[in-house]
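Structure file run-v2.cif with mmCIF, C-alpha atoms:
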data_query
loop_
_atom_site.group_PDB
_atom_site.id
_atom_site.type_symbol
_atom_site.label_atom_id
_atom_site.label_comp_id
_atom_site.auth_asym_id
_atom_site.auth_seq_id
_atom_site.Cartn_x
_atom_site.Cartn_y
_atom_site.Cartn_z
ATOM 1 C CA MET A 1 153.317 90.895 104.377
ATOM 2 C CA SER A 2 150.071 88.909 104.470
ATOM 3 C CA GLU A 3 146.709 90.649 104.093
ATOM 4 C CA LEU A 4 145.868 89.790 107.716
ATOM 5 C CA ALA A 5 149.116 91.197 108.997
ATOM 6 C CA TYR A 6 148.676 94.317 106.920
ATOM 7 C CA ALA A 7 145.149 94.805 108.254
ATOM 8 C CA MET A 8 146.422 94.556 111.846
ATOM 9 C CA THR A 9 149.240 97.030 111.316
ATOM 10 C CA PRO A 10 148.524 100.318 113.202
ATOM 11 C CA PRO A 11 147.941 103.298 110.902
ATOM 12 C CA THR A 12 150.766 105.746 110.394
ATOM 13 C CA ARG A 13 150.559 109.347 111.535
ATOM 14 C CA GLU A 14 149.879 110.443 107.942
ATOM 15 C CA GLU A 15 147.032 107.898 107.593
ATOM 16 C CA ARG A 16 145.483 108.992 110.906
ATOM 17 C CA SER A 17 145.680 112.628 109.827
ATOM 18 C CA ALA A 18 144.069 111.898 106.455
ATOM 19 C CA SER A 19 141.287 109.937 108.185
ATOM 20 C CA MET A 20 140.611 112.809 110.585
ATOM 21 C CA ASP A 21 140.513 115.304 107.719
ATOM 22 C CA SER A 22 138.034 113.087 105.853
ATOM 23 C CA ALA A 23 135.837 112.728 108.940
ATOM 24 C CA GLN A 24 135.852 116.485 109.500
ATOM 25 C CA SER A 25 134.892 117.006 105.862
ATOM 26 C CA ASP A 26 131.981 114.583 106.319
ATOM 27 C CA VAL A 27 130.793 116.485 109.381
ATOM 28 C CA ASP A 28 131.077 119.828 107.582
ATOM 29 C CA ASN A 29 129.051 118.525 104.651
ATOM 30 C CA VAL A 30 126.330 117.078 106.876
ATOM 31 C CA LEU A 31 126.098 120.360 108.780
ATOM 32 C CA LYS A 32 125.795 122.194 105.486
ATOM 33 C CA VAL A 33 122.902 119.963 104.434
ATOM 34 C CA ALA A 34 121.143 120.363 107.778
ATOM 35 C CA SER A 35 121.581 124.112 107.664
ATOM 36 C CA ALA A 36 120.261 124.341 104.128
ATOM 37 C CA LEU A 37 117.232 122.228 104.995
ATOM 38 C CA ARG A 38 116.440 124.501 107.945
ATOM 39 C CA GLU A 39 116.739 127.541 105.703
ATOM 40 C CA PHE A 40 114.509 125.975 103.077
ATOM 41 C CA ASN A 41 111.943 125.237 105.775
ATOM 42 C CA THR A 42 112.028 128.903 106.754
ATOM 43 C CA LEU A 43 111.369 129.876 103.137
ATOM 44 C CA ARG A 44 108.411 127.496 103.150
ATOM 45 C CA GLN A 45 107.020 129.043 106.312
ATOM 46 C CA GLU A 46 107.353 132.495 104.754
ATOM 47 C CA GLY A 47 105.506 131.345 101.666
ATOM 48 C CA ILE A 48 108.476 131.854 99.340
ATOM 49 C CA VAL A 49 108.527 128.214 98.331
ATOM 50 C CA SER A 50 105.491 125.972 98.174
ATOM 51 C CA GLU A 51 104.749 123.121 100.540
ATOM 52 C CA GLN A 52 105.135 120.668 97.671
ATOM 53 C CA GLU A 53 108.601 121.984 96.752
ATOM 54 C CA PHE A 54 109.747 121.710 100.346
ATOM 55 C CA LEU A 55 108.390 118.175 100.780
ATOM 56 C CA GLU A 56 109.972 116.998 97.531
ATOM 57 C CA MET A 57 113.377 118.343 98.513
ATOM 58 C CA LYS A 58 113.079 117.016 102.059
ATOM 59 C CA ALA A 59 112.162 113.587 100.720
ATOM 60 C CA LYS A 60 115.131 113.653 98.368
ATOM 61 C CA LEU A 61 117.520 114.422 101.208
ATOM 62 C CA LEU A 62 116.039 111.852 103.555
ATOM 63 C CA ALA A 63 115.917 109.161 100.887
ATOM 64 C CA VAL A 64 119.619 109.549 100.202
ATOM 65 C CA GLY A 65 120.719 110.008 103.797
ATOM 66 C CA LYS A 66 118.343 107.617 105.533
ATOM 67 C CA ASP A 67 120.638 104.604 105.542
ATOM 68 C CA GLU A 68 123.877 106.515 105.630
ATOM 69 C CA LEU A 69 123.673 109.331 108.186
ATOM 70 C CA GLY A 70 123.295 106.933 111.104
ATOM 71 C CA ARG A 71 126.916 105.964 110.574
ATOM 72 C CA SER A 72 129.896 107.572 108.916
ATOM 73 C CA PRO A 73 128.532 108.870 105.586
ATOM 74 C CA SER A 74 130.262 107.833 102.413
ATOM 75 C CA GLY A 75 131.707 110.374 100.020
ATOM 76 C CA ASP A 76 129.153 109.479 97.331
ATOM 77 C CA THR A 77 126.274 109.954 99.741
ATOM 78 C CA LEU A 78 127.497 113.330 100.901
ATOM 79 C CA GLU A 79 128.173 114.424 97.352
ATOM 80 C CA THR A 80 124.565 113.636 96.469
ATOM 81 C CA LEU A 81 123.286 115.427 99.553
ATOM 82 C CA VAL A 82 125.342 118.524 98.818
ATOM 83 C CA GLU A 83 124.149 118.415 95.215
ATOM 84 C CA ALA A 84 120.567 118.393 96.495
ATOM 85 C CA THR A 85 121.390 121.317 98.759
ATOM 86 C CA ASN A 86 122.791 123.264 95.829
ATOM 87 C CA GLU A 87 119.538 122.566 94.011
ATOM 88 C CA MET A 88 117.736 124.233 96.925
ATOM 89 C CA ASP A 89 120.006 127.232 96.717
ATOM 90 C CA SER A 90 119.516 127.403 92.956
ATOM 91 C CA SER A 91 115.740 127.343 93.379
ATOM 92 C CA ARG A 92 115.902 130.136 95.898
ATOM 93 C CA ALA A 93 118.294 132.175 93.740
ATOM 94 C CA SER A 94 116.051 131.882 90.685
ATOM 95 C CA ARG A 95 113.080 133.089 92.707
ATOM 96 C CA ILE A 96 115.019 136.061 94.112
ATOM 97 C CA SER A 97 116.291 136.874 90.619
ATOM 98 C CA PHE A 98 112.727 136.759 89.329
ATOM 99 C CA ALA A 99 111.670 139.275 91.962
ATOM 100 C CA ASP A 100 114.678 141.532 91.324
ATOM 101 C CA ASP A 101 113.878 141.579 87.603
ATOM 102 C CA GLY A 102 110.460 143.037 88.243
ATOM 103 C CA GLY A 103 108.603 139.810 88.868
ATOM 104 C CA GLY A 104 106.693 141.444 91.687
ATOM 105 C CA ASP A 105 106.281 140.411 95.271
ATOM 106 C CA LEU A 106 107.656 136.881 95.605
ATOM 107 C CA VAL A 107 105.275 135.714 98.292
ATOM 108 C CA SER A 108 102.249 137.089 96.478
ATOM 109 C CA ASN A 109 103.306 135.473 93.208
ATOM 110 C CA GLN A 110 103.740 132.095 94.868
ATOM 111 C CA LYS A 111 100.396 132.377 96.614
ATOM 112 C CA GLU A 112 98.725 133.353 93.342
ATOM 113 C CA LEU A 113 100.290 130.336 91.639
ATOM 114 C CA ASP A 114 99.145 128.020 94.435
ATOM 115 C CA GLN A 115 95.665 129.523 94.288
ATOM 116 C CA HIS A 116 95.540 129.011 90.527
ATOM 117 C CA GLU A 117 96.487 125.351 90.956
ATOM 118 C CA ASP A 118 93.870 124.921 93.678
ATOM 119 C CA ASP A 119 91.220 126.536 91.480
ATOM 120 C CA ALA A 120 92.129 124.264 88.563
ATOM 121 C CA LEU A 121 91.834 121.179 90.773
ATOM 122 C CA ASP A 122 88.506 122.369 92.178
ATOM 123 C CA ASN A 123 87.214 122.919 88.649
ATOM 124 C CA THR A 124 88.327 119.433 87.558
ATOM 125 C CA ILE A 125 86.556 117.876 90.536
ATOM 126 C CA ALA A 126 83.430 119.924 89.885
ATOM 127 C CA VAL A 127 83.315 118.826 86.238
ATOM 128 C CA VAL A 128 83.811 115.145 87.106
ATOM 129 C CA GLN A 129 81.307 115.104 89.945
ATOM 130 C CA GLY A 130 78.786 117.150 87.960
ATOM 131 C CA THR A 131 78.857 114.948 84.869
ATOM 132 C CA TRP A 132 78.785 111.775 86.952
ATOM 133 C CA GLN A 133 75.649 113.046 88.671
ATOM 134 C CA GLU A 134 74.108 113.724 85.253
ATOM 135 C CA ILE A 135 74.723 110.096 84.283
ATOM 136 C CA LYS A 136 73.269 108.828 87.559
ATOM 137 C CA ASP A 137 70.180 110.994 87.116
ATOM 138 C CA ALA A 138 69.715 109.836 83.520
ATOM 139 C CA LEU A 139 70.128 106.116 84.206
ATOM 140 C CA GLY A 140 68.380 106.042 87.559
ATOM 141 C CA ASP A 141 68.602 103.050 89.879
ATOM 142 C CA GLY A 142 70.131 100.856 87.188
ATOM 143 C CA VAL A 143 73.115 103.124 86.634
ATOM 144 C CA ALA A 144 75.669 100.704 88.095
ATOM 145 C CA GLU A 145 74.642 97.735 85.960
ATOM 146 C CA THR A 146 73.933 99.683 82.770
ATOM 147 C CA ALA A 147 77.144 101.716 82.912
ATOM 148 C CA GLY A 148 79.113 98.682 84.092
ATOM 149 C CA VAL A 149 78.070 96.462 81.211
ATOM 150 C CA LEU A 150 78.807 99.277 78.775
ATOM 151 C CA LEU A 151 82.232 99.702 80.361
ATOM 152 C CA PHE A 152 83.031 96.011 79.901
ATOM 153 C CA ARG A 153 81.820 96.099 76.317
ATOM 154 C CA HIS A 154 84.444 98.752 75.666
ATOM 155 C CA VAL A 155 87.130 96.911 77.660
ATOM 156 C CA PHE A 156 86.720 93.750 75.587
ATOM 157 C CA ARG A 157 86.385 95.751 72.370
ATOM 158 C CA ILE A 158 89.762 97.337 73.052
ATOM 159 C CA ALA A 159 91.449 94.238 74.494
ATOM 160 C CA PRO A 160 89.456 91.012 73.981
ATOM 161 C CA GLN A 161 92.374 89.044 75.432
ATOM 162 C CA ALA A 162 91.634 90.657 78.803
ATOM 163 C CA LEU A 163 88.654 88.321 79.153
ATOM 164 C CA ALA A 164 91.082 85.640 80.372
ATOM 165 C CA LEU A 165 91.574 87.611 83.610
ATOM 166 C CA PHE A 166 87.974 87.215 84.778
ATOM 167 C CA SER A 167 86.077 84.400 86.462
ATOM 168 C CA PHE A 168 83.373 84.556 83.783
ATOM 169 C CA LYS A 169 85.867 83.984 80.954
ATOM 170 C CA ASP A 170 84.330 80.638 79.914
ATOM 171 C CA CYS A 171 80.660 81.505 80.252
ATOM 172 C CA ALA A 172 80.195 82.147 76.534
ATOM 173 C CA GLY A 173 82.710 79.624 75.302
ATOM 174 C CA GLY A 174 85.506 82.133 75.833
ATOM 175 C CA ASN A 175 84.003 84.444 73.227
ATOM 176 C CA VAL A 176 83.234 88.150 73.457
ATOM 177 C CA CYS A 177 79.602 88.186 72.352
ATOM 178 C CA ASP A 178 76.118 89.298 73.465
ATOM 179 C CA GLU A 179 75.740 86.130 75.507
ATOM 180 C CA LEU A 180 78.749 87.145 77.571
ATOM 181 C CA PHE A 181 77.224 90.481 78.571
ATOM 182 C CA GLU A 182 74.025 88.799 79.713
ATOM 183 C CA ASN A 183 75.957 86.639 82.140
ATOM 184 C CA LYS A 184 75.000 87.244 85.786
ATOM 185 C CA VAL A 185 78.562 86.950 87.044
ATOM 186 C CA LEU A 186 79.766 89.589 84.598
ATOM 187 C CA ARG A 187 76.894 91.898 85.487
ATOM 188 C CA LYS A 188 77.547 91.483 89.194
ATOM 189 C CA HIS A 189 81.197 92.346 88.675
ATOM 190 C CA ALA A 190 80.238 95.302 86.474
ATOM 191 C CA VAL A 191 78.031 96.657 89.263
ATOM 192 C CA LYS A 192 80.919 96.308 91.692
ATOM 193 C CA VAL A 193 83.281 98.221 89.414
ATOM 194 C CA VAL A 194 80.887 101.120 88.819
ATOM 195 C CA THR A 195 80.046 101.253 92.521
ATOM 196 C CA THR A 196 83.766 101.728 93.164
ATOM 197 C CA VAL A 197 83.874 104.483 90.542
ATOM 198 C CA ASP A 198 80.933 106.166 92.255
ATOM 199 C CA LYS A 199 82.712 105.997 95.605
ATOM 200 C CA ALA A 200 85.932 107.371 94.136
ATOM 201 C CA VAL A 201 84.136 110.289 92.503
ATOM 202 C CA GLY A 202 82.458 111.084 95.802
ATOM 203 C CA LEU A 203 85.813 111.177 97.607
ATOM 204 C CA LEU A 204 87.627 113.481 95.205
ATOM 205 C CA LYS A 205 87.533 116.270 97.785
ATOM 206 C CA LYS A 206 88.877 113.873 100.416
ATOM 207 C CA LEU A 207 91.950 112.629 98.597
ATOM 208 C CA ASP A 208 93.614 111.291 101.740
ATOM 209 C CA LYS A 209 90.830 108.731 102.157
ATOM 210 C CA LEU A 210 90.637 107.998 98.442
ATOM 211 C CA ILE A 211 94.378 107.334 98.192
ATOM 212 C CA HIS A 212 94.232 104.663 100.909
ATOM 213 C CA ILE A 213 91.365 102.906 99.119
ATOM 214 C CA LEU A 214 93.160 102.989 95.765
ATOM 215 C CA VAL A 215 96.439 101.736 97.215
ATOM 216 C CA ASP A 216 94.712 98.712 98.744
ATOM 217 C CA LEU A 217 92.734 98.129 95.552
ATOM 218 C CA GLY A 218 95.924 98.220 93.484
ATOM 219 C CA LYS A 219 97.603 95.601 95.677
ATOM 220 C CA THR A 220 94.549 93.360 95.403
ATOM 221 C CA HIS A 221 94.540 93.575 91.615
ATOM 222 C CA VAL A 222 98.160 92.437 91.418
ATOM 223 C CA ASN A 223 96.959 89.090 92.770
ATOM 224 C CA TYR A 224 94.389 88.945 89.966
ATOM 225 C CA GLY A 225 97.150 89.104 87.371
ATOM 226 C CA VAL A 226 96.469 92.724 86.410
ATOM 227 C CA GLU A 227 99.389 94.456 84.712
ATOM 228 C CA PRO A 228 100.040 98.219 84.326
ATOM 229 C CA ALA A 229 99.021 98.068 80.650
ATOM 230 C CA HIS A 230 95.529 96.970 81.697
ATOM 231 C CA TYR A 231 94.993 100.312 83.424
ATOM 232 C CA GLU A 232 95.414 102.017 80.063
ATOM 233 C CA VAL A 233 92.718 99.770 78.623
ATOM 234 C CA VAL A 234 90.300 100.469 81.468
ATOM 235 C CA GLY A 235 90.987 104.192 81.245
ATOM 236 C CA GLU A 236 90.220 104.261 77.528
ATOM 237 C CA ALA A 237 87.103 102.168 78.110
ATOM 238 C CA LEU A 238 85.923 104.461 80.902
ATOM 239 C CA LEU A 239 86.264 107.561 78.735
ATOM 240 C CA ALA A 240 84.395 105.814 75.901
ATOM 241 C CA THR A 241 81.625 104.860 78.334
ATOM 242 C CA LEU A 242 81.319 108.436 79.539
ATOM 243 C CA SER A 243 81.183 109.653 75.947
ATOM 244 C CA ASP A 244 78.340 107.236 75.179
ATOM 245 C CA ALA A 245 76.429 108.243 78.294
ATOM 246 C CA LEU A 246 76.832 112.005 77.983
ATOM 247 C CA GLY A 247 76.529 112.366 74.215
ATOM 248 C CA ASP A 248 76.996 116.012 73.215
ATOM 249 C CA GLY A 249 77.714 116.801 76.842
ATOM 250 C CA TYR A 250 81.021 114.989 76.565
ATOM 251 C CA THR A 251 83.066 118.089 75.758
ATOM 252 C CA THR A 252 86.815 118.566 75.604
ATOM 253 C CA GLU A 253 86.721 120.001 79.112
ATOM 254 C CA VAL A 254 84.863 116.937 80.385
ATOM 255 C CA HIS A 255 87.271 114.581 78.620
ATOM 256 C CA GLU A 256 90.336 116.316 80.083
ATOM 257 C CA ALA A 257 88.864 116.424 83.587
ATOM 258 C CA TRP A 258 88.039 112.708 83.625
ATOM 259 C CA ALA A 259 91.376 111.834 82.023
ATOM 260 C CA ALA A 260 93.186 113.759 84.770
ATOM 261 C CA VAL A 261 91.252 111.969 87.496
ATOM 262 C CA TRP A 262 91.845 108.577 85.914
ATOM 263 C CA ASP A 263 95.561 109.333 85.747
ATOM 264 C CA ILE A 264 95.542 109.811 89.526
ATOM 265 C CA VAL A 265 93.628 106.561 89.978
ATOM 266 C CA LYS A 266 95.936 104.655 87.641
ATOM 267 C CA THR A 267 99.178 105.983 89.111
ATOM 268 C CA THR A 268 98.042 105.352 92.687
ATOM 269 C CA MET A 269 96.828 101.811 92.021
ATOM 270 C CA ILE A 270 99.992 100.902 90.130
ATOM 271 C CA GLY A 271 102.088 102.419 92.900
ATOM 272 C CA LYS A 272 105.216 100.395 93.567
ATOM 273 C CA ASN A 273 103.570 97.069 92.857
ATOM 274 C CA TYR A 274 105.607 96.379 89.741
ATOM 275 C CA ASP A 275 109.328 96.352 90.504
ATOM 276 C CA TYR A 276 110.344 95.785 86.911
ATOM 277 C CA MET A 277 108.941 99.139 85.811
ATOM 278 C CA ASP A 278 110.332 102.600 86.350
ATOM 279 C CA ALA A 279 108.400 105.458 87.927
ATOM 280 C CA THR A 280 106.897 106.608 84.622
ATOM 281 C CA TYR A 281 105.171 103.284 83.939
ATOM 282 C CA ALA A 282 105.545 103.818 80.212
ATOM 283 C CA ILE A 283 103.416 101.380 78.287
#
Write-out of the structure in structure tokens:
Amino acid sequence: MSELAYAMTPPTREERSASMDSAQSDVDNVLKVASALREFNTLRQEGIVSEQEFLEMKAKLLAVGKDELGRSPSGDTLETLVEATNEMDSSRASRISFADDGGGDLVSNQKELDQHEDDALDNTIAVVQGTWQEIKDALGDGVAETAGVLLFRHVFRIAPQALALFSFKDCAGGNVCDELFENKVLRKHAVKVVTTVDKAVGLLKKLDKLIHILVDLGKTHVNYGVEPAHYEVVGEALLATLSDALGDGYTTEVHEAWAAVWDIVKTTMIGKNYDYMDATYAI
């Protein structure tokens, strides 16, 4: 029998029965996922799981089912969805077990954990904004140019080859030297960079607005030939600049706070702009 003839042959009773059983299994699995997601949402509303945990699990389910649930789901898709659902159940079970073992009131513990995380973030922001204000007060009106030139001195100290990325690359014969840092184009760009830093620091308590700015900035820098590794260079240069400016005031706490903020900036600007890299952006 030809392949065409075989394809046009009506299914046997056994084949129809197997197909119906498979379809019913698909429906049962989808219903299980939907039910589990509703239950997990209830746990979120009760404060038993955090908003972040719920959103992460919801995203995982939607990401897997987005292209599949509009039509007959495949076995692999449903298997992944059910696996995600089991992960929900496991999370809930571990929390209940924790409470049963004397871990205390589950809701209170979660709220205390969330509060601790909020306090840590508030402290990081306070340290960054406070030390940045110290630098601005110390350098006065020339803070953007002075700090910007110092930043670029560190950038080209760490990675002199990065000079090739900038429009002023030939102003000193392509050399990293004092003449380069006196160049008006470099200084103008340095002011622009530090002005952006100042704006970012000011928006740390309004992360929704800051994220949009950083996403757009990251896309723009792709067109300039900036690679993920360059963000590591700028981050190191920024921390060195802060150390120079603050002197003894550049404590371990200050270093860690600024490093944490830069990590947010770096990760957001890199985003999904580099398809050849995985989500960790290991460099």
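Residues in contact with A:Lys266 at 10 Å, where all atoms listed in the file are counted and same-chain residues fewer than 6 positions away are skipped, are listed as Leu214, Gly218, Pro228, His230, Tyr231, Glu232, Val234, Gly235 and Ala260 of chain A.
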How would the residues just picked look written out with C-alpha atoms as a PDB file, in the frame of the given file?
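File produced: selection-v5.pdb:
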ATOM      1  CA  LEU A 214      93.160 102.989  95.765  1.00  0.00           C
ATOM      2  CA  GLY A 218      95.924  98.220  93.484  1.00  0.00           C
ATOM      3  CA  PRO A 228     100.040  98.219  84.326  1.00  0.00           C
ATOM      4  CA  HIS A 230      95.529  96.970  81.697  1.00  0.00           C
ATOM      5  CA  TYR A 231      94.993 100.312  83.424  1.00  0.00           C
ATOM      6  CA  GLU A 232      95.414 102.017  80.063  1.00  0.00           C
ATOM      7  CA  VAL A 234      90.300 100.469  81.468  1.00  0.00           C
ATOM      8  CA  GLY A 235      90.987 104.192  81.245  1.00  0.00           C
ATOM      9  CA  ALA A 260      93.186 113.759  84.770  1.00  0.00           C
TER      10      ALA A 260
END
What's around A:Val149 at 7 Å? Count only C-alpha atoms, leave out sequence neighbours fewer than 2 positions away in its own chain, and write the answer as a PDB file with C-alpha atoms, in the coordinates of the input.
ATOM      1  CA  GLU A 145      74.642  97.735  85.960  1.00  0.00           C
ATOM      2  CA  THR A 146      73.933  99.683  82.770  1.00  0.00           C
ATOM      3  CA  ALA A 147      77.144 101.716  82.912  1.00  0.00           C
ATOM      4  CA  LEU A 151      82.232  99.702  80.361  1.00  0.00           C
ATOM      5  CA  PHE A 152      83.031  96.011  79.901  1.00  0.00           C
ATOM      6  CA  ARG A 153      81.820  96.099  76.317  1.00  0.00           C
ATOM      7  CA  PHE A 181      77.224  90.481  78.571  1.00  0.00           C
ATOM      8  CA  ARG A 187      76.894  91.898  85.487  1.00  0.00           C
ATOM      9  CA  ALA A 190      80.238  95.302  86.474  1.00  0.00           C
TER      10      ALA A 190
END
Selection dump of the PyMOL selection byres ((chain A and resi 271) around 10), as a ChimeraX atom specification
/A:214-215,218-219,228,265-270,272-275,279,281
Could you work out an axis-aligned bounding box for all listed atoms of stretch 159-169 of chain A, with 3 Å added on each of the six sides, and give its centre and edge lengths in Å to one decimal, as AutoDock Vina command-line options?
--center_x 87.9 --center_y 89.1 --center_z 80.2 --size_x 15.0 --size_y 16.3 --size_z 18.5
Just checking: using all atoms listed in the file, which residue out of A:Lys136, A:Lys169, A:His255, A:Lys206 ends up closest to A:Leu186?
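Of A:Lys136, A:Lys169, A:His255, A:Lys206, the one nearest A:Leu186 is A:Lys169, counting all atoms listed in the file.
One finds atom CA of A:Asp244 at 19.8 Å from atom CA of A:Val176.
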Find the residues around A:Phe168 up to 8 Å (only C-alpha atoms counted), leave out those fewer than 5 positions away in its own chain, and share them as number ranges by chain.
A: 163, 183, 185-186
Any chance you can output those residues with C-alpha atoms as a PDB file, in the frame of the given file?
ATOM      1  CA  LEU A 163      88.654  88.321  79.153  1.00  0.00           C
ATOM      2  CA  ASN A 183      75.957  86.639  82.140  1.00  0.00           C
ATOM      3  CA  VAL A 185      78.562  86.950  87.044  1.00  0.00           C
ATOM      4  CA  LEU A 186      79.766  89.589  84.598  1.00  0.00           C
TER       5      LEU A 186
END
Could you list the residues chosen by the PyMOL selection byres ((chain A and resi 198-200) around 10) in this structure as number ranges by chain?
A: 129, 132-133, 136, 144, 192-197, 201-207, 209-211, 213-214, 261, 265
Which residues come within 10 Å of A:Val233, counting all atoms listed in the file, excluding same-chain residues fewer than 5 positions away, as a ChimeraX atom specification?
/A:154-159,162,228,238
Write a file of the just-selected residues containing C-alpha atoms, as a PDB file, in the coordinates of the input.
ATOM      1  CA  HIS A 154      84.444  98.752  75.666  1.00  0.00           C
ATOM      2  CA  VAL A 155      87.130  96.911  77.660  1.00  0.00           C
ATOM      3  CA  PHE A 156      86.720  93.750  75.587  1.00  0.00           C
ATOM      4  CA  ARG A 157      86.385  95.751  72.370  1.00  0.00           C
ATOM      5  CA  ILE A 158      89.762  97.337  73.052  1.00  0.00           C
ATOM      6  CA  ALA A 159      91.449  94.238  74.494  1.00  0.00           C
ATOM      7  CA  ALA A 162      91.634  90.657  78.803  1.00  0.00           C
ATOM      8  CA  PRO A 228     100.040  98.219  84.326  1.00  0.00           C
ATOM      9  CA  LEU A 238      85.923 104.461  80.902  1.00  0.00           C
TER      10      LEU A 238
END
Between atom CA of A:Ile135 and atom CA of A:Gln161, what is the distance, to one decimal in Å?
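Atom-to-atom, atom CA of A:Ile135 to atom CA of A:Gln161, that is 28.9 Å.
What separates atom CA of A:Phe166 from atom CA of A:Tyr224 is a distance of 8.4 Å.
Ranking A:Ala229, A:Thr252, A:Thr241, A:Gly47 by their shortest atom-to-atom distance to A:Val127, with all atoms listed in the file included, puts A:Thr252 first.
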